[in-house]
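Here is the file data29.txt (compact mmCIF, C-alpha atoms and all ligand atoms).
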```txt
# COMPACT_ATOMS: atom_id res chain seq x y z
CA MET A 46 -176.90 4.63 -192.39
CA ASN A 47 -176.68 4.75 -188.62
CA ALA A 48 -178.85 5.91 -185.78
CA ARG A 49 -177.30 9.34 -185.88
CA ASP A 50 -178.47 9.80 -189.48
CA PHE A 51 -181.90 8.90 -188.32
CA VAL A 52 -182.10 11.79 -185.97
CA GLU A 53 -179.98 14.38 -187.69
CA LYS A 54 -181.31 14.13 -191.23
CA ASP A 55 -184.60 15.58 -192.22
CA PHE A 56 -185.84 13.14 -194.84
CA TYR A 57 -189.04 15.08 -195.32
CA ALA A 58 -187.11 18.20 -196.18
CA ALA A 59 -184.86 16.18 -198.49
CA LEU A 60 -187.89 15.17 -200.53
CA GLY A 61 -189.62 18.50 -200.08
CA VAL A 62 -192.78 16.98 -198.65
CA PRO A 63 -194.69 17.81 -195.45
CA LYS A 64 -194.40 15.56 -192.41
CA ASP A 65 -197.88 14.24 -192.97
CA ALA A 66 -197.38 13.52 -196.67
CA SER A 67 -199.15 10.44 -198.02
CA ALA A 68 -197.24 7.52 -199.49
CA ALA A 69 -198.36 8.61 -202.95
CA GLU A 70 -197.06 12.15 -202.41
CA ILE A 71 -193.72 10.81 -201.22
CA LYS A 72 -193.44 8.54 -204.22
CA LYS A 73 -194.29 11.33 -206.63
CA ALA A 74 -191.81 13.75 -205.03
CA TYR A 75 -189.09 11.11 -205.18
CA ARG A 76 -189.72 10.29 -208.84
CA THR A 77 -189.57 13.91 -209.88
CA LEU A 78 -186.36 14.53 -207.92
CA ALA A 79 -184.74 11.30 -209.01
CA LYS A 80 -185.30 12.17 -212.64
CA ASP A 81 -183.87 15.67 -212.23
CA LEU A 82 -180.93 14.59 -210.13
CA HIS A 83 -179.91 11.32 -211.73
CA PRO A 84 -176.11 11.29 -212.16
CA ASP A 85 -176.48 10.22 -215.80
CA THR A 86 -178.26 13.41 -216.71
CA ASN A 87 -177.06 15.66 -213.94
CA PRO A 88 -173.34 15.20 -213.29
CA GLY A 89 -172.31 16.73 -209.99
CA GLY A 90 -175.65 16.00 -208.38
CA GLU A 91 -174.54 12.73 -206.85
CA ALA A 92 -174.59 13.89 -203.26
CA ARG A 93 -178.09 15.25 -203.53
CA PHE A 94 -179.23 12.17 -205.44
CA LYS A 95 -177.88 9.99 -202.67
CA GLU A 96 -179.64 12.10 -200.06
CA VAL A 97 -182.94 11.83 -201.89
CA SER A 98 -182.55 8.09 -202.35
CA GLN A 99 -181.76 7.60 -198.69
CA ALA A 100 -184.78 9.66 -197.67
CA TYR A 101 -187.06 7.74 -199.98
CA ASP A 102 -185.66 4.44 -198.75
CA VAL A 103 -186.91 5.26 -195.25
CA LEU A 104 -190.09 7.18 -195.94
CA ALA A 105 -191.41 4.72 -198.53
CA ASP A 106 -191.29 1.90 -196.00
CA ALA A 107 -194.18 2.31 -193.55
CA THR A 108 -192.33 0.60 -190.70
CA LYS A 109 -189.08 2.50 -191.19
CA ARG A 110 -190.99 5.72 -191.54
CA ARG A 111 -192.80 5.18 -188.26
CA GLU A 112 -189.54 4.43 -186.46
CA TYR A 113 -187.94 7.49 -188.01
CA ASP A 114 -190.82 9.68 -186.87
CA GLU A 115 -190.61 8.25 -183.36
CA ALA A 116 -186.89 8.70 -183.14
CA ARG A 117 -187.09 12.28 -184.29
CA SER A 118 -189.93 13.09 -182.00
CA LEU A 119 -187.90 11.75 -179.12
CA PHE A 120 -184.50 13.18 -179.86
CA GLY A 121 -184.64 15.66 -182.65
CA SER A 122 -186.75 18.30 -184.29
CA GLY A 123 -189.27 15.71 -185.28
CA PRO A 124 -192.98 15.98 -185.85
CA VAL A 125 -194.15 15.58 -182.28
CA GLY A 126 -193.49 17.98 -179.46
CA GLY A 127 -190.54 20.28 -178.97
CA ALA A 128 -186.91 19.51 -178.59
CA PRO A 129 -185.90 18.40 -175.15
CA ARG A 130 -184.22 20.73 -172.75
CA GLY A 131 -180.60 21.39 -173.62
CA TYR A 132 -181.06 19.91 -177.04
CA ALA A 133 -182.74 22.60 -179.06
CA GLY A 134 -182.63 22.49 -182.79
CA GLY A 135 -180.15 19.75 -183.57
CA GLY A 136 -177.08 19.86 -181.48
CA VAL A 137 -175.60 21.74 -178.61
CA PRO A 138 -171.86 22.06 -178.25
CA GLY A 139 -170.58 19.45 -175.86
CA PHE A 140 -173.61 17.25 -176.15
CA ASP A 141 -172.78 14.09 -177.98
CA LEU A 142 -175.50 12.26 -179.81
CA GLY A 143 -173.42 9.12 -180.13
CA ASP A 144 -173.11 9.03 -176.38
CA LEU A 145 -176.84 9.39 -176.10
CA PHE A 146 -177.45 6.45 -178.37
CA SER A 147 -174.81 4.19 -176.93
CA ARG A 148 -176.28 4.67 -173.48
CA ALA A 149 -179.77 4.18 -174.72
CA GLY A 150 -179.02 1.18 -176.86
CA GLY A 151 -176.64 -0.53 -174.51
CA GLY A 152 -179.17 -1.46 -171.87
CA ALA A 153 -179.54 1.45 -169.55
CA GLY A 154 -179.22 -0.72 -166.45
CA GLY A 155 -179.52 2.09 -163.97
CA ALA A 156 -176.82 4.08 -165.71
CA ALA A 157 -179.02 6.97 -166.64
CA GLY A 158 -177.33 9.42 -164.39
CA ALA A 159 -177.81 13.08 -163.75
CA GLY A 160 -177.15 15.22 -166.79
CA GLY A 161 -177.31 12.25 -169.11
CA PHE A 162 -180.01 10.33 -170.78
CA GLY A 163 -182.39 10.35 -167.85
CA ASP A 164 -182.38 14.12 -167.83
CA VAL A 165 -183.21 14.31 -171.49
CA LEU A 166 -186.20 12.08 -171.00
CA GLY A 167 -187.17 13.96 -167.90
CA GLY A 168 -187.34 17.13 -169.90
CA LEU A 169 -189.37 15.41 -172.58
CA PHE A 170 -191.96 13.75 -170.51
CA GLY A 171 -192.48 16.43 -167.94
CA GLY A 172 -193.37 15.77 -164.37
CA ARG A 173 -192.91 12.28 -163.11
CA PRO A 174 -195.88 10.87 -161.33
CA GLY A 175 -195.50 8.64 -158.34
CA GLY A 176 -192.94 10.62 -156.42
CA GLY A 177 -190.21 10.03 -158.97
CA ALA A 178 -186.81 11.35 -159.62
CA PRO A 179 -186.56 15.14 -159.89
CA ARG A 180 -185.03 16.45 -156.71
CA ALA A 181 -184.61 20.11 -157.51
CA PRO A 182 -186.80 22.52 -155.57
CA ARG A 183 -189.83 23.55 -157.53
CA ARG A 184 -191.66 26.83 -157.17
CA GLY A 185 -195.33 26.56 -156.27
CA GLN A 186 -198.06 27.28 -158.76
CA ASP A 187 -199.44 30.74 -159.29
CA VAL A 188 -203.05 30.70 -158.22
CA GLU A 189 -205.71 32.87 -159.83
CA ALA A 190 -208.73 34.19 -158.05
CA GLU A 191 -211.37 36.84 -158.57
CA VAL A 192 -212.97 39.20 -156.16
CA THR A 193 -215.83 41.69 -156.54
CA LEU A 194 -215.60 44.86 -154.50
CA ALA A 195 -217.83 47.85 -153.93
CA LEU A 196 -216.29 50.98 -155.45
CA LEU A 197 -215.59 52.57 -152.06
CA ASP A 198 -213.77 49.46 -150.85
CA ALA A 199 -211.76 49.31 -154.07
CA LEU A 200 -210.82 52.97 -153.69
CA ARG A 201 -209.91 52.79 -150.04
CA GLY A 202 -208.37 49.33 -150.05
CA VAL A 203 -209.86 46.46 -148.14
CA THR A 204 -209.02 43.08 -146.65
CA VAL A 205 -211.23 40.32 -148.04
CA PRO A 206 -211.46 36.64 -147.20
CA LEU A 207 -210.76 34.55 -150.31
CA ARG A 208 -211.67 30.88 -150.50
CA LEU A 209 -209.02 29.12 -152.56
CA THR A 210 -208.33 25.62 -153.68
CA THR A 211 -204.68 24.85 -154.19
CA THR A 212 -202.68 21.72 -154.74
CA GLY A 213 -199.95 20.93 -152.31
CA PRO A 214 -197.90 18.04 -151.01
CA CYS A 215 -200.11 15.33 -149.53
CA GLY A 216 -200.09 15.58 -145.76
CA THR A 217 -200.56 11.85 -145.26
CA CYS A 218 -197.54 10.62 -147.22
CA GLY A 219 -195.49 13.80 -147.22
CA GLY A 220 -195.64 13.89 -151.00
CA ALA A 221 -194.02 10.50 -151.60
CA GLY A 222 -197.24 8.92 -152.86
CA ALA A 223 -196.61 5.69 -150.96
CA ALA A 224 -198.80 4.67 -148.04
CA PRO A 225 -197.29 5.55 -144.65
CA GLY A 226 -194.85 2.83 -143.58
CA THR A 227 -194.06 1.86 -147.18
CA SER A 228 -191.80 3.47 -149.74
CA PRO A 229 -191.60 3.48 -153.53
CA LYS A 230 -189.58 0.59 -154.99
CA ALA A 231 -187.25 0.65 -157.93
CA CYS A 232 -189.11 -0.42 -161.07
CA THR A 233 -188.18 -3.98 -162.00
CA THR A 234 -189.00 -3.49 -165.68
CA CYS A 235 -186.37 -0.81 -166.22
CA SER A 236 -184.22 -1.47 -163.14
CA GLY A 237 -185.04 2.00 -161.94
CA ALA A 238 -183.67 3.76 -165.02
CA GLY A 239 -187.03 5.04 -166.19
CA VAL A 240 -186.28 4.02 -169.78
CA THR A 241 -186.35 0.78 -171.68
CA SER A 242 -184.75 0.02 -175.01
CA ARG A 243 -185.91 -2.15 -177.81
CA SER A 244 -184.22 -3.24 -180.98
CA GLN A 245 -185.98 -2.97 -184.26
CA GLY A 246 -184.83 -2.91 -187.87
CA GLY A 247 -181.21 -2.79 -186.78
CA PHE A 248 -181.72 0.26 -184.58
CA ALA A 249 -181.94 0.55 -180.86
CA PHE A 250 -184.73 2.74 -179.58
CA SER A 251 -185.20 4.03 -176.13
CA GLU A 252 -188.53 4.95 -174.72
CA PRO A 253 -189.88 5.83 -171.32
CA CYS A 254 -190.62 2.75 -169.29
CA ARG A 255 -194.29 1.91 -169.52
CA ALA A 256 -194.39 0.11 -166.19
CA CYS A 257 -193.33 3.16 -164.16
CA ARG A 258 -194.21 5.90 -166.64
CA GLY A 259 -190.60 6.97 -166.78
CA SER A 260 -190.20 7.62 -163.09
CA GLY A 261 -188.01 4.58 -162.39
CA ARG A 262 -190.04 3.87 -159.30
CA VAL A 263 -193.16 1.92 -158.58
CA ILE A 264 -195.53 2.53 -155.70
CA GLU A 265 -196.87 -0.83 -154.57
CA THR A 266 -199.16 0.50 -151.86
CA PRO A 267 -200.43 3.91 -152.89
CA CYS A 268 -201.28 6.44 -150.21
CA SER A 269 -205.04 6.36 -149.81
CA THR A 270 -205.33 10.11 -149.35
CA CYS A 271 -203.72 11.15 -152.64
CA GLN A 272 -204.06 7.84 -154.55
CA GLY A 273 -200.31 7.82 -155.04
CA GLU A 274 -200.10 11.22 -156.71
CA GLY A 275 -198.24 12.76 -153.78
CA ARG A 276 -200.31 15.92 -154.06
CA THR A 277 -203.77 16.82 -152.88
CA THR A 278 -206.21 19.61 -153.49
CA GLN A 279 -206.74 21.69 -150.41
CA GLY A 280 -209.27 24.37 -149.72
CA LYS A 281 -208.20 27.26 -147.59
CA THR A 282 -209.38 30.74 -146.79
CA LEU A 283 -206.89 33.54 -147.13
CA ASN A 284 -207.37 37.05 -145.88
CA VAL A 285 -206.15 39.11 -148.76
CA ARG A 286 -205.29 42.78 -148.57
CA ILE A 287 -206.37 44.64 -151.71
CA PRO A 288 -204.44 47.91 -151.93
CA PRO A 289 -206.30 51.23 -152.34
CA GLY A 290 -207.14 52.52 -155.80
CA VAL A 291 -207.60 49.23 -157.63
CA ALA A 292 -209.64 49.56 -160.83
CA GLU A 293 -212.06 47.21 -162.56
CA GLY A 294 -210.25 44.31 -164.23
CA GLN A 295 -206.93 45.03 -162.54
CA LYS A 296 -204.85 42.12 -161.29
CA VAL A 297 -203.29 42.28 -157.87
CA ARG A 298 -200.27 40.04 -157.41
CA LEU A 299 -199.69 38.85 -153.89
CA ALA A 300 -196.23 37.33 -153.81
CA GLY A 301 -195.90 34.01 -152.04
CA ARG A 302 -199.62 33.58 -151.37
CA GLY A 303 -200.16 30.97 -154.13
CA GLY A 304 -199.50 27.23 -154.19
CA ALA A 305 -196.89 25.72 -151.87
CA GLY A 306 -193.48 25.00 -153.36
CA GLU A 307 -192.05 21.50 -153.51
CA ARG A 308 -188.84 20.31 -151.92
CA GLY A 309 -188.16 23.68 -150.38
CA GLY A 310 -189.11 25.71 -153.46
CA ALA A 311 -190.70 29.12 -153.04
CA ALA A 312 -194.46 29.42 -152.92
CA GLY A 313 -196.23 30.67 -156.04
CA ASP A 314 -198.05 33.98 -156.25
CA LEU A 315 -201.71 34.71 -155.85
CA LEU A 316 -203.16 36.73 -158.72
CA VAL A 317 -206.42 38.35 -157.82
CA THR A 318 -208.52 39.88 -160.59
CA VAL A 319 -210.61 42.66 -159.09
CA HIS A 320 -214.10 43.52 -160.25
CA VAL A 321 -215.72 46.69 -159.03
CA THR A 322 -219.45 47.28 -158.69
CA PRO A 323 -220.57 50.84 -159.50
CA HIS A 324 -221.50 53.31 -156.79
CA ALA A 325 -224.80 55.20 -156.87
CA LEU A 326 -223.15 58.63 -156.71
CA LEU A 327 -219.43 58.29 -157.21
CA GLY A 328 -217.89 57.37 -160.54
CA ARG A 329 -214.33 56.80 -161.69
CA LYS A 330 -212.60 58.17 -164.76
CA GLY A 331 -208.97 57.06 -164.77
CA ASP A 332 -207.45 58.60 -161.68
CA HIS A 333 -210.30 61.08 -161.31
CA LEU A 334 -213.50 60.55 -159.41
CA THR A 335 -216.75 62.03 -160.62
CA ILE A 336 -219.91 63.15 -158.89
CA THR A 337 -223.02 64.99 -160.03
CA VAL A 338 -224.35 67.68 -157.68
CA PRO A 339 -227.80 69.26 -158.14
CA MET A 340 -228.26 73.01 -157.63
CA THR A 341 -231.36 75.16 -157.69
CA PHE A 342 -231.89 77.79 -160.35
CA PRO A 343 -231.41 80.62 -157.84
CA GLU A 344 -228.09 79.00 -156.76
CA ALA A 345 -226.98 78.78 -160.37
CA ALA A 346 -228.05 82.32 -161.11
CA LEU A 347 -227.00 84.01 -157.89
CA GLY A 348 -224.08 81.84 -156.90
CA ALA A 349 -223.83 79.65 -153.80
CA GLN A 350 -221.65 77.58 -151.56
CA VAL A 351 -222.63 73.90 -151.67
CA SER A 352 -221.35 70.96 -149.69
CA VAL A 353 -219.91 68.11 -151.77
CA PRO A 354 -219.04 64.71 -150.26
CA THR A 355 -215.55 63.32 -150.91
CA LEU A 356 -213.71 60.23 -149.70
CA ASP A 357 -212.06 62.37 -147.04
CA GLY A 358 -215.20 64.08 -145.86
CA PRO A 359 -217.29 66.93 -147.31
CA VAL A 360 -215.77 69.97 -148.98
CA THR A 361 -217.45 73.28 -149.75
CA LEU A 362 -217.72 74.10 -153.44
CA LYS A 363 -218.25 77.70 -154.48
CA ILE A 364 -220.65 78.00 -157.38
CA PRO A 365 -220.15 81.40 -158.99
CA ALA A 366 -223.12 83.51 -160.00
CA GLY A 367 -224.27 82.72 -163.53
CA THR A 368 -223.14 79.08 -163.57
CA SER A 369 -224.74 77.19 -166.44
CA ASN A 370 -226.29 73.77 -166.18
CA GLY A 371 -223.79 70.88 -166.58
CA ARG A 372 -220.63 72.84 -165.77
CA THR A 373 -217.87 70.77 -164.18
CA PHE A 374 -215.72 71.96 -161.29
CA ARG A 375 -212.50 70.40 -160.16
CA VAL A 376 -211.71 69.70 -156.52
CA ARG A 377 -207.98 69.13 -156.61
CA GLY A 378 -206.42 66.12 -154.94
CA ARG A 379 -209.71 64.42 -154.10
CA GLY A 380 -209.55 61.78 -156.82
CA VAL A 381 -208.53 58.14 -156.50
CA PRO A 382 -206.51 57.74 -153.29
CA GLY A 383 -202.80 57.52 -153.88
CA LYS A 384 -203.08 58.92 -157.42
CA SER A 385 -202.83 62.43 -158.73
CA GLY A 386 -206.45 62.71 -159.87
CA ASP A 387 -209.15 65.18 -158.80
CA LEU A 388 -212.80 65.05 -157.94
CA LEU A 389 -214.79 66.30 -160.94
CA VAL A 390 -218.03 67.85 -159.75
CA THR A 391 -220.71 68.39 -162.37
CA VAL A 392 -223.51 70.70 -161.30
CA VAL A 393 -226.97 70.33 -162.77
CA VAL A 394 -230.03 72.48 -162.19
CA ALA A 395 -232.69 70.59 -160.33
CA VAL A 396 -236.16 71.52 -161.57
CA PRO A 397 -238.85 70.87 -158.98
CA GLY A 398 -241.71 68.72 -160.17
CA LYS A 399 -244.19 70.46 -157.94
CA LEU A 400 -244.30 74.06 -156.77
CA SER A 401 -246.01 75.69 -153.84
CA LYS A 402 -248.36 78.56 -154.53
CA GLN A 403 -245.84 80.98 -153.14
CA ALA A 404 -243.04 79.62 -155.29
CA THR A 405 -245.25 79.74 -158.37
CA LYS A 406 -246.05 83.37 -157.72
CA ALA A 407 -242.43 84.21 -157.16
CA LEU A 408 -241.42 82.53 -160.43
CA GLU A 409 -244.13 84.29 -162.32
CA ALA A 410 -242.87 87.55 -160.89
CA TYR A 411 -239.33 86.58 -161.92
CA ALA A 412 -240.45 85.79 -165.46
CA GLU A 413 -241.95 89.22 -165.73
CA ALA A 414 -238.88 90.87 -164.27
CA ALA A 415 -236.46 89.05 -166.59
CA PRO A 416 -238.26 88.76 -169.91
CA ASP A 417 -235.12 88.00 -171.99
CA ASP A 418 -235.80 85.37 -174.64
CA PRO A 419 -233.04 82.71 -174.48
CA ARG A 420 -234.00 81.41 -177.95
CA THR A 421 -233.29 84.37 -180.18
CA HIS A 422 -230.34 82.56 -181.73
CA LEU A 423 -232.37 79.52 -182.77
CA VAL A 424 -232.35 80.16 -186.50
CA LEU A 425 -230.94 77.45 -188.70
CA GLU A 426 -230.32 79.58 -191.80
CA GLY A 427 -229.83 83.18 -192.67
ZN ZN A 501 -189.76 1.32 -165.10
ZN ZN A 502 -200.50 10.86 -150.09
```
Encoding of this model in structure tokens:
Amino acid sequence: MNARDFVEKDFYAALGVPKDASAAEIKKAYRTLAKDLHPDTNPGGEARFKEVSQAYDVLADATKRREYDEARSLFGSGPVGGAPRGYAGGGVPGFDLGDLFSRAGGGAGGAAGAGGFGDVLGGLFGGRPGGGAPRAPRRGQDVEAEVTLALLDALRGVTVPLRLTTTGPCGTCGGAGAAPGTSPKACTTCSGAGVTSRSQGGFAFSEPCRACRGSGRVIETPCSTCQGEGRTTQGKTLNVRIPPGVAEGQKVRLAGRGGAGERGGAAGDLLVTVHVTPHALLGRKGDHLTITVPMTFPEAALGAQVSVPTLDGPVTLKIPAGTSNGRTFRVRGRGVPGKSGDLLVTVVVAVPGKLSKQATKALEAYAEAAPDDPRTHLVLEG
């Protein structure tokens, strides 16, 4: 068996056990399979028998099993993490595993060039602290923020100051992480390759260099502002324009107003979640606005022209004679700005709590003049 077998073969699948199977489970699975597949009783099953034996040989040995798990987690579809970039699911045309292992095993010595082994590890271990290798421009982070607006501001659009904390390149060291006047040095442990190899059980394993955390570089005198991270958290206040018509919970994306990019990369976006506090009179229903307008009984009965406030100034609403309590009128085009909604005006009869003597007399006279009983229909059965 060679290193390639180690990565390409799924010994767990061969035995039909989960990756976290106990030693006892592995042993039991092997015994059952070995009995079924033994060439003496099952001619033609040699290949499968060999596969099962090979799997058991590794998984039954705690040390070999651990190395197998490590190797697969690093280079294959193993138990830990995902497959590295450009190496999804066991083999990409043109990518040679043997090449990978010969480079890794043969003392990397600074040979981990672009597109080769160093890239694979770079994809695996993510960002490299300490101002390390990746040189490609990187887009800045998207930054999330929340803002609470009064309904009128949300409807009309408003510019609000937003206090944000973002991370950006350290101004003291320019993002290098090394104190001004010094620069990162090549790591002596891995000769700047970012990986070290060790030999165990006849196999060569590569792993990210512990001394430099895979970056290949060591910062001897860290920048005191960013403690060598190369990035700092900065507070800033942005004046943000919220467009008209934004509704509760809506996210406004402001392109390029997020975190700064690195090495010339574009800035991230600012995503502002808008909350809207209710208005005492005006409500919102989708693209429509709503308002409740009181009317007197004589207005409802006789008809009237009433003034109704809208975002663009008052309009006159004609209440026809005989309008019942709670009826809704539509003022076209006076809904949420920029949308096709209307203003929905609901009229309700306002009943005075206290009446003057004159008004009382007049109402009594009215009651006599219009004695119709509005409750004649109130019969549940019959
Ligand atoms: Zn190193
Ligand atoms: Zn710094």
Using all atoms listed in the file, which of the listed residues (A:Pro289, A:Gly331, A:Gly185, A:Pro229) sits closest to ligand ZN 501 (chain A)?
A:Pro229
Atom CA of A:Leu334 sits from atom CA of A:Val381 at a separation of 6.2 Å
Distance criterion (all atoms listed in the file): nearest to A:Val188 out of A:Gln99, A:Thr318, A:Thr335, A:Ser67:
A:Thr318
Using only C-alpha atoms and all ligand atoms, the residue out of A:Gln279, A:Ser242, A:Thr368, A:Thr391 with shortest distance to ligand ZN 501 (chain A) is A:Ser242
Mind listing the residues within 9 Å of ligand ZN 502 (chain A), only C-alpha atoms and all ligand atoms counted, as a PyMOL selection string?
chain A and resi 214-225+267-277
Distance limit 7 Å, reference ligand ZN 501 (chain A), atoms considered: all atoms listed in the file. Which residues make the cut? Give them as a compact mmCIF listing (two decimals) with C-alpha atoms, in the frame of the given file.
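Result written to pocket27.txt:
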```txt
# COMPACT_ATOMS: atom_id res chain seq x y z
CA CYS A 232 -189.11 -0.42 -161.07
CA THR A 233 -188.18 -3.98 -162.00
CA THR A 234 -189.00 -3.49 -165.68
CA CYS A 235 -186.37 -0.81 -166.22
CA SER A 236 -184.22 -1.47 -163.14
CA GLY A 237 -185.04 2.00 -161.94
CA ALA A 238 -183.67 3.76 -165.02
CA GLY A 239 -187.03 5.04 -166.19
CA VAL A 240 -186.28 4.02 -169.78
CA CYS A 254 -190.62 2.75 -169.29
CA ARG A 255 -194.29 1.91 -169.52
CA ALA A 256 -194.39 0.11 -166.19
CA CYS A 257 -193.33 3.16 -164.16
CA ARG A 258 -194.21 5.90 -166.64
CA GLY A 259 -190.60 6.97 -166.78
CA SER A 260 -190.20 7.62 -163.09
CA GLY A 261 -188.01 4.58 -162.39
CA ARG A 262 -190.04 3.87 -159.30
```
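Relative to atom CA of A:Leu356, atom CA of A:Gly378 is found at 10.7 Å.
Taking atom CA of A:Val393 and atom CA of A:Val351 as endpoints, the distance between them is 12.4 Å.
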Which is closer to A:Tyr75 than all the others in A:Glu413, A:Asp102, A:Glu91, A:Asp187, using all atoms listed in the file?
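Of A:Glu413, A:Asp102, A:Glu91, A:Asp187, the one nearest A:Tyr75, counting all atoms listed in the file, is A:Asp102.
The protein and nucleic acid residues lying at most 10 Å from A:Ala58 are A:Lys64, A:Val97, A:Ala100, with all atoms listed in the file considered and sequence neighbours fewer than 6 positions away removed.
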How close does each residue of stretch 217-314 of chain A get to stretch 320-326 of chain A, giving the shortest atom pair and distance in Å to one decimal for every residue with an atom at most 10 Å away, counting only C-alpha atoms, sorted by chain and residue number, as CSV?
```
residue,atom,partner,partner_atom,distance
A:Val291,CA,A:Val321,CA,8.6
A:Ala292,CA,A:Val321,CA,7.0
A:Glu293,CA,A:His320,CA,4.8
A:Gly294,CA,A:His320,CA,5.6
A:Gln295,CA,A:His320,CA,7.7
A:Lys296,CA,A:His320,CA,9.4
```
Residues of the last selection are to be written out with C-alpha atoms, as a PDB file, in the frame of the given file.
```pdb
ATOM      1  CA  VAL A 291    -207.600  49.230-157.630  1.00  0.00           C
ATOM      2  CA  ALA A 292    -209.640  49.560-160.830  1.00  0.00           C
ATOM      3  CA  GLU A 293    -212.060  47.210-162.560  1.00  0.00           C
ATOM      4  CA  GLY A 294    -210.250  44.310-164.230  1.00  0.00           C
ATOM      5  CA  GLN A 295    -206.930  45.030-162.540  1.00  0.00           C
ATOM      6  CA  LYS A 296    -204.850  42.120-161.290  1.00  0.00           C
TER       7      LYS A 296
END
```
Which residues are close to A:Leu299, i.e. within 9 Å by all atoms listed in the file, leaving aside same-chain residues fewer than 4 positions away? Reply as a VMD selection string.
chain A and resid 285 to 286 303 314 to 317
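Among the candidates A:Pro343, A:Gly313, A:Gly246, A:Pro397, the residue lying nearest to A:Asp106 is A:Gly246 (atoms considered: all atoms listed in the file).
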